[in-house]
file structure_32.csv (CSV, C-alpha atoms)
chain,number,residue,atom,x,y,z
A,1,MET,CA,-9.8,-17.3,-0.2
A,2,LYS,CA,-10.4,-21.0,0.1
A,3,ARG,CA,-14.1,-20.6,-0.8
A,4,LYS,CA,-13.2,-18.6,-3.9
A,5,LYS,CA,-10.8,-21.3,-5.1
A,6,THR,CA,-13.5,-23.9,-4.6
A,7,THR,CA,-16.0,-21.8,-6.5
A,8,LYS,CA,-13.6,-21.4,-9.4
A,9,ILE,CA,-13.1,-25.2,-9.6
A,10,ILE,CA,-16.9,-25.7,-9.6
A,11,ILE,CA,-17.3,-23.0,-12.3
A,12,SER,CA,-14.7,-24.7,-14.5
A,13,VAL,CA,-16.5,-28.1,-14.2
A,14,LEU,CA,-20.0,-26.6,-14.8
A,15,LEU,CA,-18.8,-24.5,-17.7
A,16,CYS,CA,-17.6,-27.6,-19.4
A,17,PHE,CA,-21.1,-29.0,-18.9
A,18,ALA,CA,-22.5,-25.6,-20.1
A,19,ILE,CA,-20.7,-26.0,-23.4
A,20,PHE,CA,-22.2,-29.4,-24.0
A,21,PHE,CA,-25.7,-28.2,-22.8
A,22,THR,CA,-25.8,-25.1,-25.0
A,23,THR,CA,-24.5,-27.0,-28.0
A,24,ASN,CA,-27.1,-29.8,-27.8
A,25,HIS,CA,-30.2,-28.2,-26.2
A,26,PHE,CA,-30.7,-25.0,-28.0
A,27,ILE,CA,-31.9,-24.9,-31.5
A,28,TYR,CA,-29.9,-22.0,-32.9
A,29,GLY,CA,-27.0,-24.0,-34.2
A,30,ASP,CA,-23.3,-24.2,-33.5
A,31,GLU,CA,-22.7,-20.5,-34.4
A,32,ALA,CA,-25.0,-19.2,-31.7
A,33,ALA,CA,-23.8,-21.8,-29.2
A,34,ASN,CA,-20.2,-20.7,-29.8
A,35,LYS,CA,-21.1,-17.1,-29.3
A,36,ARG,CA,-22.9,-18.0,-26.0
A,37,GLN,CA,-19.8,-19.9,-24.9
A,38,LYS,CA,-17.7,-16.8,-25.6
A,39,ILE,CA,-20.1,-14.7,-23.5
A,40,ILE,CA,-19.7,-17.2,-20.6
A,41,ASP,CA,-15.9,-17.1,-21.0
A,42,ILE,CA,-16.0,-13.2,-21.0
A,43,GLN,CA,-18.1,-13.3,-17.8
A,44,ARG,CA,-15.8,-15.7,-16.2
A,45,GLN,CA,-12.8,-13.5,-17.1
A,46,ASN,CA,-14.6,-10.5,-15.8
A,47,ASN,CA,-15.3,-12.3,-12.5
A,48,ASP,CA,-11.6,-12.9,-12.2
A,49,LEU,CA,-10.9,-9.3,-13.1
A,50,GLN,CA,-13.5,-8.1,-10.6
A,51,GLU,CA,-11.8,-10.2,-7.8
A,52,LYS,CA,-8.5,-8.7,-8.8
A,53,THR,CA,-10.0,-5.2,-8.8
A,54,ASP,CA,-11.6,-5.7,-5.4
A,55,SER,CA,-8.4,-7.0,-4.0
A,56,ALA,CA,-6.4,-4.1,-5.5
A,57,GLU,CA,-8.9,-1.5,-4.2
A,58,LYS,CA,-8.6,-3.0,-0.7
A,59,GLU,CA,-4.8,-2.8,-1.0
A,60,LEU,CA,-5.1,0.8,-2.3
A,61,GLU,CA,-7.3,1.7,0.6
A,62,GLN,CA,-4.8,0.3,3.1
A,63,LEU,CA,-2.0,2.2,1.3
A,64,ASN,CA,-3.9,5.5,1.4
A,65,LYS,CA,-4.6,5.0,5.1
A,66,LYS,CA,-0.9,4.5,5.7
A,67,LEU,CA,-0.2,7.6,3.6
A,68,ASP,CA,-2.7,9.6,5.7
A,69,LYS,CA,-0.9,8.4,8.9
A,70,MET,CA,2.5,9.2,7.5
A,71,GLY,CA,1.3,12.6,6.5
A,72,GLU,CA,0.0,13.3,10.0
A,73,LYS,CA,3.3,12.2,11.5
A,74,LEU,CA,5.2,14.4,9.0
A,75,ILE,CA,3.1,17.3,10.1
A,76,GLU,CA,3.8,16.5,13.7
A,77,THR,CA,7.5,16.3,13.0
A,78,THR,CA,7.4,19.6,11.1
A,79,GLU,CA,5.6,21.3,14.0
A,80,LYS,CA,8.2,19.9,16.5
A,81,LEU,CA,11.0,21.1,14.3
A,82,ARG,CA,9.4,24.6,14.1
A,83,GLU,CA,9.1,24.7,17.9
A,84,LYS,CA,12.6,23.4,18.3
A,85,LYS,CA,14.0,26.2,16.0
A,86,LYS,CA,12.1,28.8,18.1
A,87,ALA,CA,13.5,27.3,21.3
A,88,ILE,CA,17.0,27.5,19.8
A,89,LYS,CA,16.6,31.2,18.9
A,90,LYS,CA,15.3,31.9,22.3
A,91,ASN,CA,18.2,30.0,23.9
A,92,LYS,CA,20.6,32.0,21.7
A,93,ARG,CA,19.2,35.3,23.0
A,94,LYS,CA,19.5,34.0,26.6
A,95,LEU,CA,23.1,33.0,25.9
A,96,SER,CA,23.9,36.3,24.4
A,97,LYS,CA,22.6,38.1,27.5
A,98,ALA,CA,24.4,35.8,29.8
A,99,GLN,CA,27.6,36.3,28.0
A,100,LYS,CA,27.3,40.1,28.1
A,101,LYS,CA,26.5,39.9,31.9
A,102,GLU,CA,29.5,37.6,32.4
A,103,GLU,CA,31.8,39.9,30.3
A,104,GLN,CA,30.6,43.0,32.2
A,105,GLN,CA,31.1,41.3,35.5
A,106,TYR,CA,34.6,40.2,34.5
A,107,ALA,CA,35.5,43.8,33.3
A,108,ASP,CA,34.2,45.3,36.6
A,109,MET,CA,36.1,42.8,38.7
A,110,LYS,CA,39.3,43.4,36.7
A,111,LEU,CA,38.9,47.2,37.3
A,112,ARG,CA,38.3,46.7,41.0
A,113,ILE,CA,41.3,44.4,41.4
A,114,GLN,CA,43.4,46.8,39.4
A,115,TYR,CA,42.3,49.7,41.6
A,116,MET,CA,42.9,47.8,44.8
A,117,TYR,CA,46.3,46.7,43.6
A,118,GLU,CA,47.3,50.2,42.5
A,119,ASN,CA,46.0,51.9,45.7
A,120,GLY,CA,46.6,49.1,48.1
A,121,ASP,CA,48.9,51.0,50.6
A,122,MET,CA,46.8,54.1,50.6
A,123,GLN,CA,43.7,52.1,51.3
A,124,MET,CA,45.3,50.6,54.3
A,125,ILE,CA,46.7,54.0,55.6
A,126,ASP,CA,43.2,55.5,55.1
A,127,LEU,CA,41.7,52.5,56.8
A,128,ILE,CA,44.0,53.0,59.9
A,129,PHE,CA,43.8,56.8,60.2
A,130,ASN,CA,40.3,57.4,59.2
A,131,SER,CA,38.7,54.7,61.4
A,132,GLU,CA,37.0,55.9,64.5
A,133,SER,CA,37.9,52.8,66.4
A,134,ILE,CA,39.6,49.5,66.0
A,135,SER,CA,36.2,47.8,65.5
A,136,ASP,CA,35.4,50.4,62.7
A,137,MET,CA,38.8,49.6,61.1
A,138,LEU,CA,38.2,45.9,61.2
A,139,SER,CA,34.7,46.3,59.9
A,140,LYS,CA,36.0,48.3,56.9
A,141,ALA,CA,38.7,45.8,56.2
A,142,GLU,CA,36.1,43.0,56.2
A,143,TYR,CA,34.0,45.1,53.8
A,144,ILE,CA,36.9,45.3,51.3
A,145,SER,CA,37.4,41.6,51.6
A,146,ASP,CA,33.6,40.9,51.0
A,147,ILE,CA,33.7,43.1,47.9
A,148,SER,CA,36.4,41.0,46.5
A,149,THR,CA,34.7,37.7,47.4
A,150,TYR,CA,31.4,39.0,45.9
A,151,ASP,CA,33.1,39.8,42.6
A,152,ARG,CA,34.5,36.3,42.4
A,153,ASP,CA,31.2,34.6,43.4
A,154,MET,CA,29.2,36.7,41.0
A,155,PHE,CA,31.6,35.9,38.2
A,156,GLN,CA,31.5,32.2,38.9
A,157,LYS,CA,27.7,32.3,39.1
A,158,LEU,CA,27.4,34.0,35.7
A,159,SER,CA,29.9,31.7,34.2
A,160,ASP,CA,27.9,28.6,35.5
A,161,THR,CA,24.7,30.1,34.0
A,162,ARG,CA,26.4,30.6,30.7
A,163,LYS,CA,27.6,27.0,30.6
A,164,LYS,CA,24.1,25.7,31.5
A,165,ILE,CA,22.6,27.8,28.6
A,166,GLU,CA,25.3,26.4,26.3
A,167,ALA,CA,24.5,22.9,27.3
A,168,ILE,CA,20.8,23.5,26.7
A,169,GLY,CA,21.7,24.9,23.3
A,170,ALA,CA,23.8,21.8,22.5
A,171,ARG,CA,20.9,19.6,23.3
A,172,LEU,CA,18.4,21.7,21.3
A,173,GLN,CA,20.8,21.5,18.3
A,174,ALA,CA,21.1,17.7,18.7
A,175,ASP,CA,17.3,17.4,18.8
A,176,LYS,CA,16.9,19.6,15.8
A,177,LYS,CA,19.4,17.5,13.8
A,178,GLN,CA,17.5,14.3,14.8
A,179,LEU,CA,14.1,15.9,13.7
A,180,VAL,CA,15.6,17.0,10.4
A,181,GLN,CA,16.8,13.5,9.7
A,182,LEU,CA,13.4,12.1,10.8
A,183,LYS,CA,11.6,14.5,8.4
A,184,LYS,CA,13.9,13.4,5.5
A,185,LYS,CA,13.2,9.8,6.3
A,186,GLN,CA,9.4,10.4,6.5
A,187,LYS,CA,9.4,12.2,3.2
A,188,LYS,CA,11.3,9.4,1.6
A,189,SER,CA,8.8,6.8,3.0
A,190,ILE,CA,5.8,8.9,1.8
A,191,SER,CA,7.4,9.2,-1.7
A,192,LYS,CA,7.8,5.4,-1.9
A,193,MET,CA,4.2,4.8,-0.6
A,194,LYS,CA,2.8,7.3,-3.2
A,195,THR,CA,4.7,5.4,-5.9
A,196,LEU,CA,3.1,2.1,-4.7
A,197,SER,CA,-0.3,3.8,-4.5
A,198,GLU,CA,0.0,5.2,-8.1
A,199,LYS,CA,1.0,1.7,-9.4
A,200,LYS,CA,-2.0,0.2,-7.6
A,201,GLU,CA,-4.3,2.9,-9.1
A,202,ALA,CA,-2.8,2.1,-12.6
A,203,GLU,CA,-3.4,-1.6,-12.0
A,204,ILE,CA,-7.1,-1.0,-11.0
A,205,LYS,CA,-7.5,1.3,-14.1
A,206,LEU,CA,-6.1,-1.5,-16.3
A,207,TYR,CA,-8.5,-4.1,-14.8
A,208,LYS,CA,-11.5,-1.8,-15.2
A,209,GLY,CA,-10.5,-1.0,-18.7
A,210,GLN,CA,-10.3,-4.7,-19.5
A,211,MET,CA,-13.7,-5.3,-18.0
A,212,ALA,CA,-15.2,-2.4,-19.9
A,213,GLN,CA,-13.8,-3.8,-23.2
A,214,ASN,CA,-15.1,-7.2,-22.2
A,215,HIS,CA,-18.6,-5.7,-21.7
A,216,VAL,CA,-18.4,-4.1,-25.2
A,217,ASN,CA,-17.4,-7.5,-26.6
A,218,GLU,CA,-20.2,-9.2,-24.6
A,219,THR,CA,-22.8,-6.8,-25.9
A,220,ALA,CA,-21.6,-7.2,-29.5
A,221,LEU,CA,-21.9,-11.0,-29.1
A,222,ALA,CA,-25.3,-10.7,-27.6
A,223,ASN,CA,-26.5,-8.6,-30.5
A,224,GLU,CA,-25.1,-11.1,-33.0
A,225,ILE,CA,-26.9,-13.9,-31.2
A,226,ARG,CA,-30.1,-11.8,-31.2
A,227,GLU,CA,-29.8,-11.4,-35.0
A,228,LEU,CA,-29.4,-15.1,-35.4
A,229,ILE,CA,-32.4,-15.7,-33.2
A,230,LYS,CA,-34.5,-13.2,-35.2
A,231,LYS,CA,-33.5,-15.0,-38.4
A,232,GLU,CA,-34.4,-18.4,-36.8
A,233,GLN,CA,-37.7,-17.0,-35.5
A,234,ALA,CA,-38.5,-15.6,-39.0
A,235,GLU,CA,-37.9,-19.0,-40.5
A,236,ARG,CA,-40.0,-20.8,-37.9
A,237,LYS,CA,-42.8,-18.2,-38.3
A,238,ALA,CA,-42.7,-18.8,-42.1
A,239,ASN,CA,-43.1,-22.5,-41.4
A,240,GLY,CA,-45.9,-22.0,-38.9
A,241,GLU,CA,-43.8,-22.8,-35.9
A,242,GLU,CA,-43.8,-20.3,-32.9
A,243,TYR,CA,-42.8,-20.5,-29.3
A,244,GLY,CA,-45.5,-19.9,-26.8
A,245,MET,CA,-45.2,-17.9,-23.6
A,246,THR,CA,-46.7,-18.8,-20.3
A,247,THR,CA,-47.0,-17.0,-16.9
A,248,PRO,CA,-44.4,-18.2,-14.4
A,249,HIS,CA,-45.6,-21.3,-12.4
A,250,SER,CA,-42.7,-23.6,-11.9
A,251,TRP,CA,-40.5,-23.4,-8.8
A,252,PRO,CA,-37.1,-22.0,-10.0
A,253,LEU,CA,-35.0,-24.3,-7.8
A,254,PRO,CA,-36.3,-27.9,-7.8
A,255,GLY,CA,-35.7,-29.8,-4.6
A,256,HIS,CA,-34.9,-26.7,-2.6
A,257,THR,CA,-38.0,-25.1,-1.0
A,258,TYR,CA,-36.6,-23.4,2.1
A,259,ILE,CA,-36.7,-19.6,2.0
A,260,SER,CA,-34.1,-17.7,4.0
A,261,SER,CA,-35.5,-14.3,3.2
A,262,ASN,CA,-39.1,-13.9,2.1
A,263,TRP,CA,-40.9,-11.2,0.1
A,264,GLY,CA,-41.2,-8.0,2.1
A,265,ASP,CA,-38.6,-9.0,4.7
A,266,ARG,CA,-36.9,-6.0,6.2
A,267,ALA,CA,-34.4,-7.7,8.5
A,268,GLY,CA,-31.0,-6.0,8.0
A,269,ARG,CA,-32.4,-4.1,5.0
A,270,LYS,CA,-33.0,-0.5,4.2
A,271,ALA,CA,-36.1,-1.4,2.2
A,272,PRO,CA,-38.5,-4.4,2.0
A,273,HIS,CA,-37.1,-7.4,0.2
A,274,LYS,CA,-38.3,-7.4,-3.4
A,275,GLY,CA,-38.1,-11.1,-4.0
A,276,ILE,CA,-37.4,-14.4,-2.2
A,277,ASP,CA,-34.0,-15.9,-1.4
A,278,ILE,CA,-33.7,-19.7,-1.8
A,279,PRO,CA,-30.5,-21.2,-0.3
A,280,ALA,CA,-28.9,-24.1,-2.2
A,281,PRO,CA,-25.4,-25.5,-2.8
A,282,VAL,CA,-23.2,-23.8,-5.4
A,283,GLY,CA,-23.8,-25.4,-8.8
A,284,THR,CA,-27.4,-26.3,-8.2
A,285,PRO,CA,-29.4,-26.0,-11.5
A,286,ILE,CA,-31.8,-23.0,-11.7
A,287,VAL,CA,-34.7,-23.4,-14.1
A,288,ALA,CA,-37.0,-21.0,-15.9
A,289,SER,CA,-40.3,-20.5,-14.0
A,290,GLY,CA,-42.2,-20.3,-17.2
A,291,ALA,CA,-41.8,-20.3,-21.0
A,292,GLY,CA,-40.5,-17.0,-22.4
A,293,THR,CA,-37.7,-15.1,-23.9
A,294,VAL,CA,-34.4,-14.1,-22.2
A,295,ILE,CA,-34.2,-10.3,-22.2
A,296,TRP,CA,-31.0,-9.9,-20.3
A,297,ALA,CA,-28.1,-12.0,-19.0
A,298,TYR,CA,-25.2,-10.2,-17.6
A,299,ASN,CA,-22.9,-9.7,-14.6
A,300,SER,CA,-24.0,-7.0,-12.1
A,301,SER,CA,-21.9,-5.7,-9.2
A,302,SER,CA,-24.8,-6.2,-6.8
A,303,ALA,CA,-27.0,-8.9,-8.4
A,304,GLY,CA,-24.0,-10.9,-9.7
A,305,MET,CA,-24.7,-13.2,-12.7
A,306,TYR,CA,-28.2,-12.0,-13.5
A,307,VAL,CA,-30.9,-13.3,-15.9
A,308,GLY,CA,-34.3,-11.8,-16.8
A,309,ILE,CA,-37.0,-13.6,-18.7
A,310,THR,CA,-40.2,-12.0,-20.2
A,311,HIS,CA,-43.3,-14.2,-20.2
A,312,GLY,CA,-45.7,-11.9,-22.0
A,313,GLY,CA,-48.3,-9.6,-20.6
A,314,GLY,CA,-45.7,-7.4,-18.9
A,315,VAL,CA,-44.5,-10.3,-16.6
A,316,VAL,CA,-40.8,-10.7,-16.1
A,317,THR,CA,-38.9,-13.1,-13.8
A,318,GLU,CA,-35.5,-12.3,-12.3
A,319,TYR,CA,-32.7,-14.7,-11.3
A,320,MET,CA,-29.8,-13.3,-9.3
A,321,HIS,CA,-26.4,-14.4,-7.8
A,322,MET,CA,-25.8,-17.2,-10.3
A,323,MET,CA,-22.4,-18.9,-10.6
A,324,ALA,CA,-22.9,-19.0,-14.3
A,325,PHE,CA,-25.8,-18.8,-16.8
A,326,VAL,CA,-26.2,-20.8,-20.0
A,327,VAL,CA,-28.6,-18.5,-21.9
A,328,ALA,CA,-28.2,-15.2,-23.8
A,329,PRO,CA,-30.5,-12.3,-24.6
A,330,GLY,CA,-33.1,-13.4,-27.2
A,331,ASP,CA,-33.0,-17.1,-26.3
A,332,LYS,CA,-36.4,-18.8,-26.1
A,333,VAL,CA,-36.8,-21.0,-23.0
A,334,ASP,CA,-39.4,-23.5,-21.8
A,335,ALA,CA,-40.7,-23.8,-18.2
A,336,GLY,CA,-38.4,-26.0,-16.2
A,337,GLN,CA,-35.4,-25.5,-18.6
A,338,THR,CA,-32.1,-25.0,-16.9
A,339,ILE,CA,-30.9,-21.4,-17.4
A,340,GLY,CA,-28.0,-21.2,-14.9
A,341,TYR,CA,-26.5,-22.4,-11.6
A,342,VAL,CA,-26.6,-21.2,-8.0
A,343,GLY,CA,-23.5,-19.2,-7.0
A,344,LEU,CA,-22.1,-16.5,-4.8
A,345,THR,CA,-21.7,-13.6,-7.3
A,346,GLY,CA,-22.6,-10.0,-6.5
A,347,GLN,CA,-23.5,-8.9,-3.0
A,348,THR,CA,-24.3,-12.0,-1.1
A,349,THR,CA,-23.2,-13.7,2.2
A,350,GLY,CA,-24.0,-17.3,1.0
A,351,PRO,CA,-25.0,-19.4,-2.0
A,352,HIS,CA,-28.6,-18.8,-2.9
A,353,LEU,CA,-31.0,-17.8,-5.7
A,354,HIS,CA,-32.8,-14.4,-5.4
A,355,PHE,CA,-36.0,-15.0,-7.4
A,356,GLY,CA,-38.2,-12.0,-8.2
A,357,ILE,CA,-41.2,-11.2,-10.4
A,358,LYS,CA,-42.1,-7.9,-12.0
A,359,VAL,CA,-45.4,-7.0,-13.6
A,360,ASN,CA,-45.2,-3.9,-15.8
A,361,GLY,CA,-41.9,-3.0,-14.2
A,362,VAL,CA,-43.2,-3.3,-10.6
A,363,ASN,CA,-42.0,-6.0,-8.2
A,364,VAL,CA,-44.7,-8.2,-6.9
A,365,ASN,CA,-44.9,-11.1,-4.4
A,366,PRO,CA,-43.5,-14.2,-6.3
A,367,HIS,CA,-45.8,-16.4,-4.2
A,368,ILE,CA,-48.7,-15.1,-6.2
A,369,TYR,CA,-47.4,-17.1,-9.2
A,370,VAL,CA,-45.2,-20.0,-7.8
A,371,GLY,CA,-47.0,-20.8,-4.5
call {"tool": "encode", "arguments": {"input": "structure_32.csv", "output": "C-alpha cells"}}
result
Amino acid sequence: MKRKKTTKIIISVLLCFAIFFTTNHFIYGDEAANKRQKIIDIQRQNNDLQEKTDSAEKELEQLNKKLDKMGEKLIETTEKLREKKKAIKKNKRKLSKAQKKEEQQYADMKLRIQYMYENGDMQMIDLIFNSESISDMLSKAEYISDISTYDRDMFQKLSDTRKKIEAIGARLQADKKQLVQLKKKQKKSISKMKTLSEKKEAEIKLYKGQMAQNHVNETALANEIRELIKKEQAERKANGEEYGMTTPHSWPLPGHTYISSNWGDRAGRKAPHKGIDIPAPVGTPIVASGAGTVIWAYNSSSAGMYVGITHGGGVVTEYMHMMAFVVAPGDKVDAGQTIGYVGLTGQTTGPHLHFGIKVNGVNVNPHIYVG
C-alpha cells in the first residue's frame, strides 16, 4: 500500500513535467498536446480504477469464500437437524411402547391385587388344607409374596424406563430447538453476506464500465491526434520536409545497463522470455531506441503502460511497464527521445523496463540491434 502511494506521488510530479514536455517538444501544436494530456489523465484515472477493481475483486473473493463456508455449515446444520428429528421420532416410538408396557403391567398388578384381596381368606384356607406339609405350605406362601413383589418391582422398572425415555426426548427437543435457532441465524448471516457480495459485484461492474468508457474516450482522442498528425505530415510533405526512420540502435534506458532477465530466459516462466528486462528506479526516463512512428500507446493488464514504435522495414520496438508515457499513436519520435518513464504497471514484481523488438511480427533478440 505504501509503495502504491509513493508511486502515485511520483506519477503526479512526472505528469506535471509531461505536460510541459509534450507542449514544448512536439511540433503538433497546443491542440494535439492537450489531447495527449487528456489521454495521460484518462490512463491515470484508469490506473486508479484498476486498483479499486483489483481491491474490490479480492474483497469479493473473500466474501465468496466466507459464503461457501457459511453454506457448508448451513448444510451441516440442516443434516444435524434432520438426524435430530429422526431421533425424536424414534424416541417417541420407544416412549409409546414403554408407556403401553407400563400401563399393561399396572393393569395386571391391579387385577392381581384385587383378586388376592377378594380371595384372601380362601387362599389361606387352601394353602393350609391343600399343602402336603408345613414346608410345602411355607413355600406356597413365599411364592404368593414373591408374585406381589415381582409385580411391584416390574412396575417400578417400567416406570423408570419411561422416565429415562422422556428425559432423552426432552434433551432431543432442546437440541432441535437450538439447531432451528442456529439455522435461522446462519440463513440471516448468509443473506447479509450475499447482499454485501452483490454490492461489491455492482461496484466492480461500475469501475469496469468507467474504464471501458475511458478506453472509448482514449481511442477517440488518439484518432483525433492521428488526424492532426496526418494534416501536419501532409503540410510538411508539401514543403519537402519528412521525418526519417532508422533501425533501433540506442539503448532504451540510458545509464542503466544491468539486465535482470535476458532474452530467452525461462526462469520462472512458461515460455522463453521475449525481450530483456532492465531494472531502474520508478520515474527513470525511457527513450526511443530509434527514429520512428508511435503505433500504439495504451494500458494493458499484463504489459502495463505500453508503447510500440515502428521503425520501417517491419521493425517494431516495444516498451512495457511504464509509469506513464508522453507520446500518442501517430507521433513521430527521434532516437534518444523520451517517450515515457519506468514504472510498476501491469504484471511486474519490481520497477523495470521490458524492452522487446519484433521483425515482421516475430520477436527477435534485442541484442542484435542494441548490443
call {"tool": "atom_distance", "arguments": {"input": "structure_32.csv", "atom1": "CA of Asn64 (chain A)", "atom2": "CA of Gln181 (chain A)"}}
result
23.7 Å
call {"tool": "residues_around", "arguments": {"input": "structure_32.csv", "residues": "Ile204 (chain A)", "least_positions_apart": "5", "cutoff": "9 Å", "atoms": "only C-alpha atoms", "output": "PDB file with C-alpha atoms, in the frame of the given file"}}
result
ATOM      1  CA  LYS A  52      -8.500  -8.700  -8.800  1.00  0.00           C
ATOM      2  CA  THR A  53     -10.000  -5.200  -8.800  1.00  0.00           C
ATOM      3  CA  ASP A  54     -11.600  -5.700  -5.400  1.00  0.00           C
ATOM      4  CA  ALA A  56      -6.400  -4.100  -5.500  1.00  0.00           C
ATOM      5  CA  GLU A  57      -8.900  -1.500  -4.200  1.00  0.00           C
ATOM      6  CA  LYS A 199       1.000   1.700  -9.400  1.00  0.00           C
ATOM      7  CA  GLY A 209     -10.500  -1.000 -18.700  1.00  0.00           C
TER       8      GLY A 209
END
call {"tool": "residues_around", "arguments": {"input": "structure_32.csv", "residues": "Val315 (chain A)", "least_positions_apart": "4", "cutoff": "10 Å", "atoms": "all atoms listed in the file", "output": "count of residues only"}}
result
15
call {"tool": "closest_residue", "arguments": {"input": "structure_32.csv", "among": "A:Ile75, A:Ala98, A:Ala87, A:Ala174", "to": "Lys187 (chain A)", "atoms": "only C-alpha atoms"}}
result
A:Ile75
call {"tool": "atom_distance", "arguments": {"input": "structure_32.csv", "atom1": "CA of Phe325 (chain A)", "atom2": "CA of Thr348 (chain A)"}}
result
17.2 Å
call {"tool": "closest_residue", "arguments": {"input": "structure_32.csv", "among": "A:Leu158, A:Leu353, A:Ile295, A:Ala324", "to": "Gly275 (chain A)", "atoms": "only C-alpha atoms"}}
result
A:Leu353
call {"tool": "atom_distance", "arguments": {"input": "structure_32.csv", "atom1": "CA of Gln186 (chain A)", "atom2": "CA of Leu74 (chain A)"}}
result
6.3 Å
call {"tool": "closest_residue", "arguments": {"input": "structure_32.csv", "among": "A:Val326, A:Met305, A:Ala238, A:Leu206", "to": "Lys38 (chain A)", "atoms": "all atoms listed in the file"}}
result
A:Val326
call {"tool": "closest_residue", "arguments": {"input": "structure_32.csv", "among": "A:Asp277, A:Glu103, A:Glu31, A:Asp160", "to": "Leu228 (chain A)", "atoms": "only C-alpha atoms"}}
result
A:Glu31
call {"tool": "residues_around", "arguments": {"input": "structure_32.csv", "residues": "Val342 (chain A)", "least_positions_apart": "5", "cutoff": "10 Å", "atoms": "all atoms listed in the file", "output": "number ranges by chain"}}
result
A: 253, 278-286, 305, 319-325, 351-354
call {"tool": "closest_residue", "arguments": {"input": "structure_32.csv", "among": "A:Gln213, A:Gly290, A:Leu67, A:Val370", "to": "Lys192 (chain A)", "atoms": "only C-alpha atoms"}}
result
A:Leu67
call {"tool": "residues_around", "arguments": {"input": "structure_32.csv", "residues": "Ala167 (chain A)", "least_positions_apart": "4", "cutoff": "12 Å", "atoms": "only C-alpha atoms", "output": "VMD selection string"}}
result
chain A and resid 88 91 to 92 95 160 to 163 171 to 174
call {"tool": "residues_around", "arguments": {"input": "structure_32.csv", "residues": "region 42-47 of chain A", "least_positions_apart": "6", "cutoff": "10 Å", "atoms": "only C-alpha atoms", "output": "list of chain:residue names"}}
result
A:Lys8, A:Ile11, A:Ser12, A:Leu15, A:Arg36, A:Thr53, A:Tyr207, A:Lys208, A:Gln210, A:Met211, A:Ala212, A:Gln213, A:Asn214, A:His215, A:Asn217, A:Glu218, A:Tyr298, A:Asn299, A:Ser301, A:Gly304, A:Met305, A:Met323, A:Ala324, A:Phe325, A:Thr345, A:Gly346
call {"tool": "closest_residue", "arguments": {"input": "structure_32.csv", "among": "A:Thr317, A:Ser261, A:Ser159, A:Thr219", "to": "Tyr106 (chain A)", "atoms": "only C-alpha atoms"}}
result
A:Ser159
call {"tool": "residues_near_point", "arguments": {"input": "structure_32.csv", "point": "(16.3, 25.4, 15.8)", "cutoff": "9 Å", "atoms": "only C-alpha atoms", "output": "PDB file with C-alpha atoms, in the coordinates of the input"}}
result
ATOM      1  CA  LEU A  81      11.000  21.100  14.300  1.00  0.00           C
ATOM      2  CA  ARG A  82       9.400  24.600  14.100  1.00  0.00           C
ATOM      3  CA  GLU A  83       9.100  24.700  17.900  1.00  0.00           C
ATOM      4  CA  LYS A  84      12.600  23.400  18.300  1.00  0.00           C
ATOM      5  CA  LYS A  85      14.000  26.200  16.000  1.00  0.00           C
ATOM      6  CA  LYS A  86      12.100  28.800  18.100  1.00  0.00           C
ATOM      7  CA  ALA A  87      13.500  27.300  21.300  1.00  0.00           C
ATOM      8  CA  ILE A  88      17.000  27.500  19.800  1.00  0.00           C
ATOM      9  CA  LYS A  89      16.600  31.200  18.900  1.00  0.00           C
ATOM     10  CA  LEU A 172      18.400  21.700  21.300  1.00  0.00           C
ATOM     11  CA  GLN A 173      20.800  21.500  18.300  1.00  0.00           C
ATOM     12  CA  ASP A 175      17.300  17.400  18.800  1.00  0.00           C
ATOM     13  CA  LYS A 176      16.900  19.600  15.800  1.00  0.00           C
ATOM     14  CA  LYS A 177      19.400  17.500  13.800  1.00  0.00           C
TER      15      LYS A 177
END
